[in-house]
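Peer 1: If it helps, the file is called my_file_10.txt and holds compact mmCIF, C-alpha atoms:
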# COMPACT_ATOMS: atom_id res chain seq x y z
CA MET A 58 84.68 76.64 109.22
CA SER A 59 87.91 78.65 109.56
CA SER A 60 88.35 77.22 113.07
CA LEU A 61 88.01 73.68 111.74
CA THR A 62 90.57 74.46 109.05
CA SER A 63 92.98 75.69 111.71
CA LEU A 64 92.42 72.55 113.83
CA ALA A 65 93.65 70.42 110.93
CA LEU A 66 96.97 72.25 110.74
CA PRO A 67 98.92 70.08 113.25
CA VAL A 68 98.29 67.05 111.03
CA LEU A 69 99.00 68.92 107.82
CA ARG A 70 102.31 70.19 109.20
CA GLN A 71 103.69 66.66 109.00
CA PHE A 72 104.03 67.20 105.26
CA ASP A 73 106.52 69.20 103.19
CA PRO A 74 105.94 72.90 103.98
CA GLU A 75 106.07 74.12 100.40
CA LYS A 76 103.59 71.48 99.23
CA MET A 77 101.33 72.40 102.11
CA HIS A 78 101.54 76.06 101.11
CA GLU A 79 100.47 75.16 97.59
CA LEU A 80 97.59 73.07 98.94
CA ALA A 81 96.52 75.98 101.16
CA LEU A 82 96.33 78.27 98.13
CA ASP A 83 94.29 75.67 96.24
CA ALA A 84 91.93 75.31 99.20
CA LEU A 85 91.44 79.08 99.43
CA MET A 86 90.68 79.22 95.70
CA LEU A 87 88.00 76.59 96.25
CA GLY A 88 86.60 78.48 99.22
CA VAL A 89 87.51 75.86 101.83
CA GLY A 90 87.27 77.49 105.25
CA VAL A 91 86.41 80.87 103.72
CA PRO A 92 83.28 82.72 104.95
CA PHE A 93 80.72 83.59 102.29
CA ARG A 94 80.90 87.20 103.43
CA ARG A 95 83.68 89.16 105.01
CA PRO A 96 83.06 89.65 108.75
CA GLU A 97 82.23 93.15 109.96
CA ASP A 98 84.97 94.78 112.00
CA ASP A 99 84.44 96.70 115.21
CA PRO A 100 84.72 100.43 114.39
CA ALA A 101 87.34 100.75 117.14
CA LEU A 102 89.79 98.85 114.90
CA ALA A 103 89.41 101.18 111.93
CA THR A 104 92.35 103.32 110.89
CA ARG A 105 93.42 105.63 108.08
CA ALA A 106 96.70 105.38 106.19
CA LEU A 107 97.95 106.09 102.68
CA GLY A 108 94.90 108.26 102.10
CA MET A 109 92.40 105.45 102.60
CA ARG A 110 90.37 103.75 105.32
CA PHE A 111 91.24 100.29 106.66
CA SER A 112 88.54 98.52 108.68
CA ASN A 113 91.33 96.92 110.73
CA PRO A 114 95.13 97.30 110.60
CA ILE A 115 96.03 93.63 110.01
CA GLY A 116 97.32 92.63 106.57
CA ILE A 117 98.75 89.49 105.03
CA ALA A 118 102.38 90.00 104.04
CA ALA A 119 103.82 89.42 100.60
CA GLY A 120 105.10 85.92 99.96
CA PHE A 121 101.90 84.09 100.85
CA ASP A 122 100.09 84.87 97.59
CA LYS A 123 102.96 85.43 95.19
CA ASN A 124 100.84 85.23 92.06
CA ALA A 125 97.69 87.12 93.15
CA ARG A 126 95.55 83.99 93.14
CA VAL A 127 93.60 84.28 96.41
CA LEU A 128 93.30 87.95 97.36
CA ARG A 129 89.51 87.91 97.63
CA PRO A 130 89.39 84.76 99.83
CA LEU A 131 92.09 86.22 102.08
CA ALA A 132 90.05 89.39 102.48
CA ARG A 133 87.00 87.34 103.43
CA LEU A 134 89.02 85.74 106.23
CA GLY A 135 89.02 89.17 107.86
CA PHE A 136 92.29 90.79 106.88
CA GLY A 137 92.15 94.56 106.72
CA PHE A 138 94.30 94.62 103.58
CA VAL A 139 96.02 92.09 101.34
CA GLU A 140 99.33 92.18 99.50
CA ALA A 141 100.36 89.98 96.57
CA GLY A 142 103.85 89.23 95.29
CA THR A 143 106.76 89.48 95.16
CA VAL A 144 106.36 89.56 91.37
CA THR A 145 109.19 90.06 88.87
CA PRO A 146 109.18 91.17 85.22
CA ARG A 147 109.81 87.63 83.92
CA PRO A 148 108.65 84.31 85.36
CA GLN A 149 111.23 82.84 87.70
CA ALA A 150 111.60 79.33 89.11
CA GLY A 151 113.43 80.42 92.23
CA ASN A 152 116.05 78.44 94.10
CA PRO A 153 116.26 74.63 94.16
CA ARG A 154 114.05 72.71 96.56
CA PRO A 155 113.93 72.19 99.48
CA ARG A 156 113.84 75.91 100.18
CA LEU A 157 111.22 76.34 102.91
CA PHE A 158 111.80 75.03 106.45
CA ARG A 159 109.71 75.04 109.61
CA LEU A 160 111.38 75.75 112.93
CA GLU A 161 108.46 74.59 115.06
CA GLU A 162 110.34 74.72 118.36
CA ASP A 163 111.03 78.40 117.67
CA ARG A 164 107.70 79.30 116.05
CA ALA A 165 109.69 80.38 113.00
CA VAL A 166 110.32 79.69 109.32
CA ILE A 167 113.43 79.90 107.14
CA ASN A 168 112.94 80.40 103.41
CA ARG A 169 115.28 80.76 100.49
CA MET A 170 112.58 80.77 97.84
CA GLY A 171 114.32 83.24 95.51
CA PHE A 172 111.32 85.19 94.16
CA ASN A 173 109.67 82.17 92.55
CA ASN A 174 106.67 83.55 90.65
CA GLN A 175 104.82 83.40 87.34
CA GLY A 176 105.86 86.87 86.18
CA ILE A 177 104.13 90.20 85.80
CA ASP A 178 101.98 89.25 82.78
CA ARG A 179 99.90 86.61 84.58
CA PHE A 180 99.97 88.63 87.80
CA ALA A 181 98.48 91.68 86.06
CA VAL A 182 95.80 89.59 84.36
CA ARG A 183 94.64 88.26 87.75
CA LEU A 184 94.60 91.75 89.25
CA ALA A 185 92.52 92.97 86.31
CA ARG A 186 90.03 90.13 86.81
CA LEU A 187 89.84 90.92 90.52
CA ALA A 188 88.94 94.53 89.72
CA ARG A 189 85.98 93.56 87.51
CA PRO A 190 82.42 93.52 88.89
CA LEU A 191 81.32 90.27 90.47
CA PRO A 192 78.78 88.08 88.58
CA SER A 193 76.11 89.38 90.96
CA GLY A 194 76.86 92.87 89.69
CA LYS A 195 77.63 94.01 93.22
CA GLY A 196 81.06 95.57 93.35
CA GLY A 197 84.41 94.04 92.57
CA GLY A 198 87.90 93.95 93.92
CA ALA A 199 88.90 92.22 97.13
CA GLY A 200 86.69 94.37 99.35
CA VAL A 201 89.76 95.71 101.17
CA PRO A 202 92.82 97.70 100.04
CA VAL A 203 95.16 95.68 97.80
CA GLY A 204 98.92 96.04 97.43
CA ALA A 205 101.39 94.69 94.89
CA ASN A 206 104.91 93.79 96.00
CA ILE A 207 107.41 94.07 93.14
CA GLY A 208 110.99 92.91 92.68
CA ILE A 209 113.66 92.24 90.09
CA ASN A 210 114.76 89.06 88.37
CA LYS A 211 117.91 87.28 89.46
CA THR A 212 119.49 87.83 86.03
CA GLY A 213 119.19 90.59 83.45
CA ALA A 214 117.83 93.10 85.93
CA ASP A 215 117.97 96.88 85.61
CA PRO A 216 116.29 98.26 88.75
CA GLU A 217 115.88 101.81 87.43
CA ARG A 218 114.09 100.33 84.40
CA ASP A 219 112.28 97.38 86.00
CA TYR A 220 110.64 98.95 89.05
CA PRO A 221 108.99 101.79 87.07
CA ALA A 222 107.82 99.28 84.44
CA LEU A 223 106.30 97.02 87.09
CA VAL A 224 104.52 99.99 88.67
CA ALA A 225 103.01 100.75 85.26
CA ARG A 226 101.61 97.22 84.99
CA VAL A 227 99.96 97.09 88.40
CA LYS A 228 98.89 100.65 89.16
CA PRO A 229 95.44 100.46 87.50
CA TYR A 230 94.44 97.67 89.89
CA VAL A 231 96.04 98.24 93.29
CA ASN A 232 95.89 100.76 96.12
CA TYR A 233 99.63 100.79 96.81
CA VAL A 234 102.89 99.29 95.55
CA VAL A 235 105.81 97.94 97.57
CA LEU A 236 109.42 97.93 96.35
CA ASN A 237 111.07 94.78 97.67
CA VAL A 238 114.73 95.77 97.93
CA SER A 239 115.47 93.63 100.97
CA SER A 240 114.94 89.94 100.31
CA PRO A 241 118.11 88.07 101.31
CA ASN A 242 117.58 85.45 98.59
CA THR A 243 118.33 87.50 95.45
CA PRO A 244 122.05 88.27 95.08
CA GLY A 245 122.79 91.99 95.29
CA LEU A 246 119.20 93.01 95.99
CA ARG A 247 119.86 94.40 99.45
CA GLY A 248 122.42 96.78 97.97
CA LEU A 249 119.46 98.70 96.54
CA GLN A 250 118.67 99.88 100.08
CA ASP A 251 121.70 102.18 99.91
CA ALA A 252 120.29 105.68 100.33
CA ALA A 253 121.63 107.05 97.04
CA ARG A 254 120.59 103.98 95.04
CA LEU A 255 117.14 103.92 96.58
CA LYS A 256 116.64 107.59 95.81
CA GLY A 257 117.62 106.92 92.18
CA ILE A 258 115.03 104.14 91.84
CA LEU A 259 112.32 106.28 93.39
CA ASP A 260 113.25 109.18 91.10
CA ALA A 261 112.98 106.84 88.09
CA ILE A 262 109.47 105.84 89.19
CA THR A 263 108.43 109.46 89.62
CA ALA A 264 109.84 110.37 86.21
CA ARG A 265 107.78 107.66 84.51
CA HIS A 266 104.65 108.29 86.60
CA PRO A 267 104.67 112.04 87.32
CA ASP A 268 100.92 112.51 87.71
CA ASP A 269 99.32 109.18 88.58
CA CYS A 270 101.74 107.22 90.73
CA PRO A 271 100.11 105.10 93.44
CA PRO A 272 101.50 105.25 96.98
CA ILE A 273 104.95 103.64 96.97
CA LEU A 274 106.27 101.82 100.02
CA VAL A 275 109.78 100.44 100.50
CA LYS A 276 110.34 97.16 102.33
CA LEU A 277 113.56 97.22 104.35
CA ALA A 278 115.74 94.52 105.90
CA PRO A 279 116.09 94.11 109.67
CA ASP A 280 119.81 93.55 109.21
CA LEU A 281 120.59 97.18 108.40
CA GLU A 282 123.02 98.88 110.73
CA ASP A 283 121.28 101.29 113.07
CA ASP A 284 123.31 104.24 111.83
CA ALA A 285 122.30 103.53 108.21
CA ILE A 286 118.58 103.80 108.88
CA PRO A 287 118.24 107.62 109.13
CA ALA A 288 119.78 108.19 105.69
CA ILE A 289 117.57 105.53 104.14
CA VAL A 290 114.44 107.01 105.69
CA GLU A 291 115.36 110.48 104.43
CA ALA A 292 116.11 109.09 100.96
CA ALA A 293 112.69 107.44 100.88
CA ILE A 294 111.02 110.72 101.81
CA ALA A 295 113.07 112.74 99.33
CA GLY A 296 112.26 110.23 96.59
CA GLY A 297 108.53 110.59 97.15
CA ALA A 298 107.85 107.28 98.92
CA SER A 299 104.69 107.15 101.00
CA GLY A 300 105.83 104.58 103.50
CA LEU A 301 108.07 101.78 104.73
CA ILE A 302 107.50 98.15 105.64
CA LEU A 303 109.61 97.16 108.62
CA SER A 304 110.82 94.55 108.14
CA ASN A 305 111.72 91.68 105.82
CA THR A 306 113.27 88.39 106.95
CA THR A 307 116.67 88.25 108.65
CA LEU A 308 119.94 86.47 107.94
CA ALA A 309 120.77 86.57 111.65
CA ARG A 310 120.44 83.41 113.72
CA PRO A 311 119.74 84.15 117.40
CA SER A 312 121.70 81.87 119.71
CA HIS A 313 118.53 80.61 121.42
CA LEU A 314 117.12 78.85 118.32
CA GLN A 315 116.26 75.23 119.10
CA SER A 316 115.10 73.69 115.83
CA PRO A 317 117.32 71.27 113.89
CA ASN A 318 116.63 73.47 110.85
CA ARG A 319 118.21 76.56 112.42
CA GLY A 320 121.34 76.23 110.27
CA GLU A 321 119.51 76.33 106.93
CA ALA A 322 120.42 79.22 104.63
CA GLY A 323 117.81 81.86 103.89
CA GLY A 324 115.67 84.46 105.61
CA LEU A 325 114.36 83.78 109.11
CA SER A 326 110.84 84.95 110.00
CA GLY A 327 108.51 84.51 112.93
CA ARG A 328 108.92 84.88 116.68
CA PRO A 329 112.76 85.19 116.77
CA LEU A 330 112.58 88.17 114.39
CA ALA A 331 110.29 90.21 116.66
CA PRO A 332 112.91 92.00 118.80
CA ARG A 333 114.94 93.27 115.84
CA ALA A 334 111.90 94.12 113.71
CA THR A 335 110.51 96.12 116.63
CA ALA A 336 113.81 97.94 117.12
CA VAL A 337 114.04 98.86 113.43
CA LEU A 338 110.46 100.17 113.51
CA HIS A 339 111.28 102.31 116.54
CA LEU A 340 114.38 103.78 114.89
CA ALA A 341 112.62 104.50 111.60
CA ALA A 342 109.57 106.00 113.32
CA ARG A 343 111.69 108.44 115.27
CA VAL A 344 113.42 109.62 112.10
CA ALA A 345 110.28 109.71 109.96
CA ALA A 346 108.41 111.72 112.61
CA GLY A 347 105.04 111.20 110.99
CA ARG A 348 106.19 111.86 107.42
CA LEU A 349 105.73 108.24 106.27
CA THR A 350 103.16 105.50 106.70
CA LEU A 351 104.85 102.68 108.62
CA VAL A 352 103.83 99.03 108.30
CA ALA A 353 105.21 96.74 111.00
CA ALA A 354 106.04 93.13 110.17
CA GLY A 355 108.09 90.41 111.79
CA GLY A 356 107.12 88.10 114.64
CA ILE A 357 103.63 89.50 115.23
CA GLU A 358 101.62 86.79 117.01
CA THR A 359 99.20 88.47 119.42
CA GLY A 360 96.91 91.44 119.71
CA ALA A 361 99.32 92.84 122.30
CA ASP A 362 102.11 92.64 119.70
CA ILE A 363 100.03 94.70 117.29
CA LEU A 364 99.22 97.37 119.85
CA GLN A 365 102.88 97.53 120.86
CA ARG A 366 103.93 98.22 117.25
CA ILE A 367 101.23 100.88 116.92
CA ARG A 368 102.49 102.55 120.10
CA LEU A 369 105.93 102.60 118.44
CA GLY A 370 104.61 104.43 115.40
CA ALA A 371 103.16 101.74 113.11
CA ASP A 372 100.03 102.62 111.15
CA LEU A 373 99.42 99.07 109.93
CA VAL A 374 100.85 95.59 110.56
CA GLN A 375 101.38 92.45 108.51
CA VAL A 376 101.51 88.79 109.51
CA TYR A 377 102.75 85.71 107.72
CA THR A 378 104.52 83.10 109.85
CA ALA A 379 101.87 83.13 112.59
CA PHE A 380 99.23 82.66 109.87
CA ALA A 381 101.19 79.70 108.51
CA TYR A 382 101.17 78.09 111.96
CA GLU A 383 97.60 78.92 113.02
CA GLY A 384 95.62 79.31 109.83
CA PRO A 385 92.46 81.40 109.36
CA ALA A 386 91.54 81.44 113.06
CA LEU A 387 94.53 83.72 113.68
CA VAL A 388 92.87 86.82 112.23
CA THR A 389 89.80 86.61 114.46
CA ARG A 390 91.93 85.93 117.53
CA LEU A 391 94.18 88.93 116.91
CA LYS A 392 91.22 91.29 116.57
CA GLN A 393 89.54 89.93 119.67
CA GLU A 394 92.73 90.35 121.69
CA MET A 395 93.20 93.90 120.46
CA LEU A 396 89.66 94.86 121.39
CA SER A 397 89.94 93.24 124.82
CA ILE A 398 93.09 95.20 125.66
CA MET A 399 91.65 98.44 124.28
CA ARG A 400 88.51 98.08 126.39
CA GLN A 401 90.49 97.25 129.52
CA GLU A 402 92.67 100.31 129.03
CA GLY A 403 89.87 102.65 127.99
CA ILE A 404 91.28 103.17 124.47
CA GLU A 405 88.60 104.23 121.98
CA THR A 406 90.52 104.22 118.70
CA LEU A 407 93.90 103.13 117.38
CA ALA A 408 94.68 106.77 116.63
CA ASP A 409 94.76 107.34 120.40
CA LEU A 410 97.68 104.89 120.65
CA ARG A 411 99.77 105.65 117.60
CA GLY A 412 103.27 106.75 118.50
CA ALA A 413 102.52 106.91 122.22
CA ASP A 414 105.79 105.16 123.12
CA LEU A 415 108.08 107.12 120.81
Write the structure described by the file as structure tokens, please.

Peer 2:
Amino acid sequence: MSSLTSLALPVLRQFDPEKMHELALDALMLGVGVPFRRPEDDPALATRALGMRFSNPIGIAAGFDKNARVLRPLARLGFGFVEAGTVTPRPQAGNPRPRLFRLEEDRAVINRMGFNNQGIDRFAVRLARLARPLPSGKGGGAGVPVGANIGINKTGADPERDYPALVARVKPYVNYVVLNVSSPNTPGLRGLQDAARLKGILDAITARHPDDCPPILVKLAPDLEDDAIPAIVEAAIAGGASGLILSNTTLARPSHLQSPNRGEAGGLSGRPLAPRATAVLHLAARVAAGRLTLVAAGGIETGADILQRIRLGADLVQVYTAFAYEGPALVTRLKQEMLSIMRQEGIETLADLRGADL
């Protein structure tokens, strides 16, 4: 069924991308193209990070399920973990439409969504429902680790107040929390990546949650200067963060872009982001030296891409744009490609690869 859903995507892509995204969420809620049970993963793909086991290292990035509506269906598609958000304290409409653009010739997307979401109240209610036992009485939750990606409103924000408060709302229901301080579509947000400011936010979270804070990850921009990255990594460690997501979308526009939409304002994701996202991962991994969990994101399209990021120090990876282009069949393909390469090269576990190219 997931393959049939993916085959329909070329036709569906003739329509407005944001409307198609909304329809995709509705379809997942209805179970269209979703297996009744989550597929079993080959044990060779299992990995440990953030103090927990992941049956495979492939997650769905924040932005796809902003309001925590379809975490269980996404897990049943075969993702190893799922992340909802970005969610803000108050509901937010985001930027005017159109604000989402396909760059099909470049296998990329530009978005300037602006943290459109229904706010933390509805988000937390959905997470609470997800955590309850299923009607069958057999378990609850998504069946895989769940993360919440949190951010601040465009107006009236106080980061040292808002991030700790958001952590308080989601921590009973999630396995980790991500601080989004790197979206290019909220004015001033990327300034929170400054080492001193980031440390202050992390300290504020620790002060409010001294004994029961979930693992905190920080999502960074690919547009940081190389020489700024070491101080940011050290600030994250000093502030008690458990990991980094590398990276968010970019404001850069590579000269080789072909799509007529290449000049649209917003964050670029997908294939053109891969070189810079990979470089930022490499830099951060060398500085972190095993002290942080690293999640690679940006332009991941193949099993070889995933194994490359793991060799450069990633513990986990996230996809988004490739999923938007290929649909549910992507997840199965990525895992099959990983296993094929691992068997050809005599690699038994992902742990045997991690950091091998650092």

Peer 1: Hey, what's within 8 Å of A:Thr307 if we count all atoms listed in the file and toss same-chain stuff fewer than 5 positions away? As an MDAnalysis selection string, please?

Peer 2: chainID A and resid 241 278:280 324:326 330

Peer 1: Just the selected residues (C-alpha atoms), exported as a compact mmCIF listing (two decimals), in the coordinates of the input, please.

Peer 2:
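Writing done, so here's selection_12.txt:
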# COMPACT_ATOMS: atom_id res chain seq x y z
CA PRO A 241 118.11 88.07 101.31
CA ALA A 278 115.74 94.52 105.90
CA PRO A 279 116.09 94.11 109.67
CA ASP A 280 119.81 93.55 109.21
CA GLY A 324 115.67 84.46 105.61
CA LEU A 325 114.36 83.78 109.11
CA SER A 326 110.84 84.95 110.00
CA LEU A 330 112.58 88.17 114.39

Peer 1: Name the closest residue to A:Pro216 among the candidates A:Glu394, A:Asp409, A:Asp98, A:Asp260; distances are taken between atoms, counting all atoms listed in the file.

Peer 2: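 When distances to A:Pro216 are compared using all atoms listed in the file, the smallest one comes from A:Asp260.
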
Peer 1: Using all atoms listed in the file, which residue out of A:Leu303, A:Thr359, A:Val203, A:Pro329 lies closest to A:Ser397?

Peer 2: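 Checking each of A:Leu303, A:Thr359, A:Val203, A:Pro329 against A:Ser397, counting all atoms listed in the file, the winner is A:Thr359.
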
Peer 1: I'd like to know which of A:Thr263, A:Thr306, A:Ser312, A:Asn318 is closest to A:Arg218, using only C-alpha atoms.

Peer 2: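 Once distances to A:Arg218 are computed over only C-alpha atoms, the minimum belongs to A:Thr263.
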
Peer 1: What's around A:Leu255 at 8 Å? Count all atoms listed in the file, leave out sequence neighbours fewer than 3 positions away in its own chain, and write the answer as an mmCIF file with C-alpha atoms, in the frame of the given file.

Peer 2:
data_model
loop_
_atom_site.group_PDB
_atom_site.id
_atom_site.type_symbol
_atom_site.label_atom_id
_atom_site.label_comp_id
_atom_site.auth_asym_id
_atom_site.auth_seq_id
_atom_site.Cartn_x
_atom_site.Cartn_y
_atom_site.Cartn_z
ATOM 1 C CA LEU A 249 119.460 98.700 96.540
ATOM 2 C CA GLN A 250 118.670 99.880 100.080
ATOM 3 C CA ASP A 251 121.700 102.180 99.910
ATOM 4 C CA ALA A 252 120.290 105.680 100.330
ATOM 5 C CA ILE A 258 115.030 104.140 91.840
ATOM 6 C CA LEU A 259 112.320 106.280 93.390
ATOM 7 C CA ILE A 289 117.570 105.530 104.140
ATOM 8 C CA ALA A 292 116.110 109.090 100.960
ATOM 9 C CA ALA A 293 112.690 107.440 100.880
ATOM 10 C CA GLY A 296 112.260 110.230 96.590
#

Peer 1: To one decimal place, how far is atom CA of A:Leu340 from atom CA of A:Ser304 in Å?

Peer 2: 12.0 Å

Peer 1: A:Ile294: which residues within 9 Å, counting all atoms listed in the file, same-chain residues fewer than 5 positions away excluded, as a ChimeraX atom specification?

Peer 2: /A:256,289,299-300,345,348-349

Peer 1: At what distance in Å, to one decimal, does atom CA of A:Gly347 lie from atom CA of A:Ile207?

Peer 2: 24.9 Å

Peer 1: Kindly list the centre and edge lengths in Å, rounded to one decimal, for the axis-aligned box that covers all listed atoms of stretch 223-228 of chain A plus 6 Å on each of its six sides, as lines of an AutoDock Vina configuration file.

Peer 2:
center_x = 102.6
center_y = 98.9
center_z = 87.1
size_x = 19.4
size_y = 15.7
size_z = 16.2

Peer 1: Would you kindly return, as a list in words, each protein, DNA or RNA residue with an atom no farther than 10 Å from any atom of A:Pro332, considering all atoms listed in the file and excluding same-chain residues fewer than 5 positions away?

Peer 2: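 Residues meeting the cut-off are Pro279, Val337, Gly355 and Gly356 of chain A.
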
Peer 1: Pick the closest to A:Glu75 from A:Arg95, A:Arg390, A:Arg169, A:Arg368: which is it, counting all atoms listed in the file?

Peer 2: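 Ranking A:Arg95, A:Arg390, A:Arg169, A:Arg368 by distance to A:Glu75, first place goes to A:Arg169.
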
Peer 1: Could you give me, as a list in words, the residues within 8 Å of A:Ala181, counting only C-alpha atoms and dropping anything in the same chain fewer than 3 positions from it?

Peer 2: Ile177, Asp178, Leu184, Ala185, Arg226 and Val227 of chain A

Peer 1: Around the point (90.8, 106.7, 109.3) (coordinates from the file), which residues reach within 12 Å if we count only C-alpha atoms? Answer as an MDAnalysis selection string.

Peer 2: chainID A and resid 100:114 372:373 406:409

Peer 1: Go ahead and compute the interatomic distance for atom CA of A:His339 and atom CA of A:Val275, in Å to one decimal.

Peer 2: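 Here the two named atoms are 16.2 Å from each other.
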
Peer 1: From the set A:Ala346, A:Ala353, A:Leu314, A:Met77, which residue has the shortest atom-to-atom contact distance to A:Glu161, counting only C-alpha atoms?

Peer 2: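 Among A:Ala346, A:Ala353, A:Leu314, A:Met77, it is A:Leu314 that comes nearest to A:Glu161.
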
Peer 1: Give me the stretch 215-327 of chain A side of the contact with stretch 155-159 of chain A, cut-off 12 Å, one line per residue showing its nearest atom pair and distance in Å at one decimal, counting all atoms listed in the file, sorted by chain and residue number, as CSV.

Peer 2:
residue,atom,partner,partner_atom,distance
A:Asn242,CA,A:Arg156,CA,10.4
A:Gln315,CA,A:Arg159,CA,11.5
A:Ser316,CA,A:Arg159,CA,8.3
A:Pro317,CA,A:Arg159,CA,9.5
A:Asn318,CA,A:Phe158,CA,6.7
A:Arg319,CA,A:Phe158,CA,8.9
A:Gly320,CA,A:Phe158,CA,10.3
A:Glu321,CA,A:Phe158,CA,7.8
A:Ala322,CA,A:Arg156,CA,8.6
A:Gly323,CA,A:Arg156,CA,8.1
A:Gly324,CA,A:Leu157,CA,9.6
A:Leu325,CA,A:Phe158,CA,9.5
A:Ser326,CA,A:Arg159,CA,10.0
A:Gly327,CA,A:Arg159,CA,10.1

Peer 1: Create the file for the chosen residues now, containing C-alpha atoms and written as a PDB file, in the frame of the given file.

Peer 2:
ATOM      1  CA  ASN A 242     117.580  85.450  98.590  1.00  0.00           C
ATOM      2  CA  GLN A 315     116.260  75.230 119.100  1.00  0.00           C
ATOM      3  CA  SER A 316     115.100  73.690 115.830  1.00  0.00           C
ATOM      4  CA  PRO A 317     117.320  71.270 113.890  1.00  0.00           C
ATOM      5  CA  ASN A 318     116.630  73.470 110.850  1.00  0.00           C
ATOM      6  CA  ARG A 319     118.210  76.560 112.420  1.00  0.00           C
ATOM      7  CA  GLY A 320     121.340  76.230 110.270  1.00  0.00           C
ATOM      8  CA  GLU A 321     119.510  76.330 106.930  1.00  0.00           C
ATOM      9  CA  ALA A 322     120.420  79.220 104.630  1.00  0.00           C
ATOM     10  CA  GLY A 323     117.810  81.860 103.890  1.00  0.00           C
ATOM     11  CA  GLY A 324     115.670  84.460 105.610  1.00  0.00           C
ATOM     12  CA  LEU A 325     114.360  83.780 109.110  1.00  0.00           C
ATOM     13  CA  SER A 326     110.840  84.950 110.000  1.00  0.00           C
ATOM     14  CA  GLY A 327     108.510  84.510 112.930  1.00  0.00           C
TER      15      GLY A 327
END

Peer 1: Can I get stretch 270-283 of chain A with N, CA and C atoms filled in, as a tab-separated table (two decimals), in the coordinates of the input?

Peer 2:
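Writing the result to out-v5.tsv gives the following:
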chain	number	residue	atom	x	y	z
A	270	CYS	N	101.01	108.28	90.05
A	270	CYS	CA	101.74	107.22	90.73
A	270	CYS	C	100.97	106.81	91.99
A	271	PRO	N	100.76	105.53	92.20
A	271	PRO	CA	100.11	105.10	93.44
A	271	PRO	C	101.06	105.29	94.61
A	272	PRO	N	100.58	105.20	95.84
A	272	PRO	CA	101.50	105.25	96.98
A	272	PRO	C	102.57	104.17	96.87
A	273	ILE	N	103.82	104.57	97.05
A	273	ILE	CA	104.95	103.64	96.97
A	273	ILE	C	105.51	103.43	98.37
A	274	LEU	N	105.64	102.17	98.76
A	274	LEU	CA	106.27	101.82	100.02
A	274	LEU	C	107.56	101.06	99.73
A	275	VAL	N	108.50	101.14	100.64
A	275	VAL	CA	109.78	100.44	100.50
A	275	VAL	C	109.91	99.45	101.64
A	276	LYS	N	110.18	98.20	101.31
A	276	LYS	CA	110.34	97.16	102.33
A	276	LYS	C	111.82	97.00	102.65
A	277	LEU	N	112.16	97.21	103.93
A	277	LEU	CA	113.56	97.22	104.35
A	277	LEU	C	113.92	95.95	105.13
A	278	ALA	N	115.23	95.68	105.18
A	278	ALA	CA	115.74	94.52	105.90
A	278	ALA	C	115.95	94.86	107.37
A	279	PRO	N	115.79	93.87	108.25
A	279	PRO	CA	116.09	94.11	109.67
A	279	PRO	C	117.58	94.11	109.97
A	280	ASP	N	118.37	93.70	108.99
A	280	ASP	CA	119.81	93.55	109.21
A	280	ASP	C	120.60	94.82	108.90
A	281	LEU	N	119.91	95.90	108.59
A	281	LEU	CA	120.59	97.18	108.40
A	281	LEU	C	121.26	97.62	109.70
A	282	GLU	N	122.39	98.28	109.56
A	282	GLU	CA	123.02	98.88	110.73
A	282	GLU	C	122.17	100.04	111.22
A	283	ASP	N	122.11	100.22	112.51
A	283	ASP	CA	121.28	101.29	113.07
A	283	ASP	C	121.63	102.65	112.47
